[in-house]
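Reading through the structure tokens given below for one structure.
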Amino acid sequence: MAYDKSVYDAAAEILLARRLSALELADERRREIHKKIPRTAEIDEQLAGCAKKLIFGSDKEKLANELTALRAEKAELLCAEGYPANYLDPQFKCKKCGDTGVFGNGKCSCYMEQLSKQAFRASELAKAQSGMTFEKFELKYYRDEGGEDSERAHMADMLRNCRVFAERFSQNLPNILISGGTGLGKTHLSSAIAKEVNDKGFSVMYTSAPKLFMDFEDRKFGRLSGGAA
């Protein structure tokens, strides 16, 4: 489904903040190490020079070997002082895209996950769902008379089915319909499912049945922008 522009902006801002934070920390560590181990500053200058030459130079194999040797020397110097070999590398949260949101020829999974989370937070479901998780669904409030046919037994079975649905959720999974009288816990269970599904990176839409049917009618009769679908 298409997201509102504010959702895209919020997701992009989070990734940018993560990347800038990682780069800032790397700069702080670099200044720290350059001061403590002066040779690392010289190595970094040599690495930058080799990298430039590698782009325009002719003897690329020699330059690549030089780069490897310099990086190995810096790693040895760090380890000798008790630092991890990768101490000066930016510690991005997403190792695939470096918190850029781009991986290969498309969007990284971390960006898509943020889109889903931001869309959920902006939805009415986030407000309605406060505290509505599977763990907080209390069976003790249902009548236990009747053994296996009791209200509590039926709700326990419903709870299990909803958990399984959320755990196995995929785009190819059949729909689930929860029906019953007022106060039986339908909203709680559907909200718990939505939370689990959203945490897996799927987008969740929350709306009332009347509004959903009205949207269907508007789309069918071309009352929405874009005409009939």
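By order in the structure tokens, chains are A, B, ...; within a chain, residues start at 1; ligands start at 1, following the order shown.
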*asked:* For Phe134 (chain A), find every residue with an atom within 12 Å (counting only C-alpha atoms), except residues of its own chain fewer than 5 positions away, and show them as a ChimeraX atom specification.
replied: /A:129,139,156,158-164,166-167,185-196
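The shell of residues at most 9 Å from Leu15 (chain A), with only C-alpha atoms counted and near chain neighbours (fewer than 3 positions) removed, consists of Ala10, Ala11, Ala12, Arg18, Arg19, Leu20, Asp99, Thr100, Gly101, Cys110, Tyr111 and Gln114 of chain A.
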Now that the selection is made, can you save its residues with N, CA and C atoms as a short mmCIF file (atom, residue, chain, number, x, y, z; two decimals), in the first residue's frame?
```cif
data_model
loop_
_atom_site.label_atom_id
_atom_site.label_comp_id
_atom_site.auth_asym_id
_atom_site.auth_seq_id
_atom_site.Cartn_x
_atom_site.Cartn_y
_atom_site.Cartn_z
N ALA A 10 9.68 10.45 7.77
CA ALA A 10 10.05 9.99 9.11
C ALA A 10 11.04 8.83 9.04
N ALA A 11 10.80 7.89 8.13
CA ALA A 11 11.70 6.74 7.97
C ALA A 11 13.08 7.20 7.50
N ALA A 12 13.11 8.13 6.55
CA ALA A 12 14.38 8.63 6.03
C ALA A 12 15.15 9.38 7.11
N ARG A 18 20.74 7.76 12.23
CA ARG A 18 21.58 6.61 12.58
C ARG A 18 22.93 6.71 11.89
N ARG A 19 22.92 7.03 10.60
CA ARG A 19 24.16 7.09 9.83
C ARG A 19 25.07 8.21 10.34
N LEU A 20 24.49 9.38 10.57
CA LEU A 20 25.29 10.51 11.05
C LEU A 20 25.87 10.23 12.43
N ASP A 99 23.16 2.07 6.72
CA ASP A 99 22.11 3.01 7.14
C ASP A 99 21.78 4.05 6.07
N THR A 100 21.97 3.69 4.80
CA THR A 100 21.58 4.59 3.72
C THR A 100 20.16 4.30 3.24
N GLY A 101 19.69 3.08 3.51
CA GLY A 101 18.36 2.68 3.04
C GLY A 101 18.37 2.11 1.64
N CYS A 110 15.96 -2.65 5.88
CA CYS A 110 15.87 -1.81 7.08
C CYS A 110 15.01 -0.58 6.80
N TYR A 111 15.06 -0.08 5.57
CA TYR A 111 14.24 1.08 5.20
C TYR A 111 12.77 0.68 5.12
N GLN A 114 11.38 0.36 8.54
CA GLN A 114 11.09 1.67 9.14
C GLN A 114 9.81 2.27 8.56
#
```
_So that I can check the surroundings of Leu63 (chain A), please list as an MDAnalysis selection string every protein, DNA and RNA residue that reaches within 8 Å of it, counting only C-alpha atoms and ignoring chain neighbours fewer than 2 positions away._
chainID A and resid 50 53:54 59:61 65:67
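Residue nearest Ser109 (chain A), chosen from A:Ile176, A:Leu16, A:Cys94, A:Ala122 and counting only C-alpha atoms: A:Cys94.
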*Non-local contacts of Ala75 (chain A) (8 Å; only C-alpha atoms; under 5 positions in same chain excluded) as a VMD selection string*: chain A and resid 84 to 86
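For the pair CA of Ser170 (chain A) and CA of Phe202 (chain A), the separation is 8.7 Å.
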*asked:* I'd like to know which of A:Pro90, A:Lys62, A:Leu77, A:Ala48 is closest to Ser21 (chain A), using only C-alpha atoms.
replied: A:Pro90
*Would you list the contacts of Glu32 (chain A) as a VMD selection string, taking every protein, DNA or RNA residue within 12 Å and counting only C-alpha atoms, but skipping same-chain residues closer than 3 positions in sequence?*
chain A and resid 25 to 29 35 to 38 40 to 41 78 83 87 to 88
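CA of Ser179 (chain A) is positioned 11.7 Å from CA of Met155 (chain A).
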*When DSSP works through the backbone of this structure, what residues of region 28-219 of chain A end up as strand (DSSP E or B), shown as a ChimeraX atom specification?*
/A:102-103,106-107
*Work out how far CA of Phe213 (chain A) is from CA of Gly180 (chain A), in Å to one decimal.*
19.7 Å
*Counting only C-alpha atoms, figure out which residue out of A:Leu173, A:Ala69, A:Leu115, A:Leu23 gets nearest to Asp4 (chain A).*
A:Leu115
*Apply DSSP to the structure's backbone, then extract all residues of region 19-187 of chain A labelled alpha helix (DSSP H) and return them as a ChimeraX atom specification.*
/A:19-36,38-56,60-80,109-122,124-128,151-167,186-187
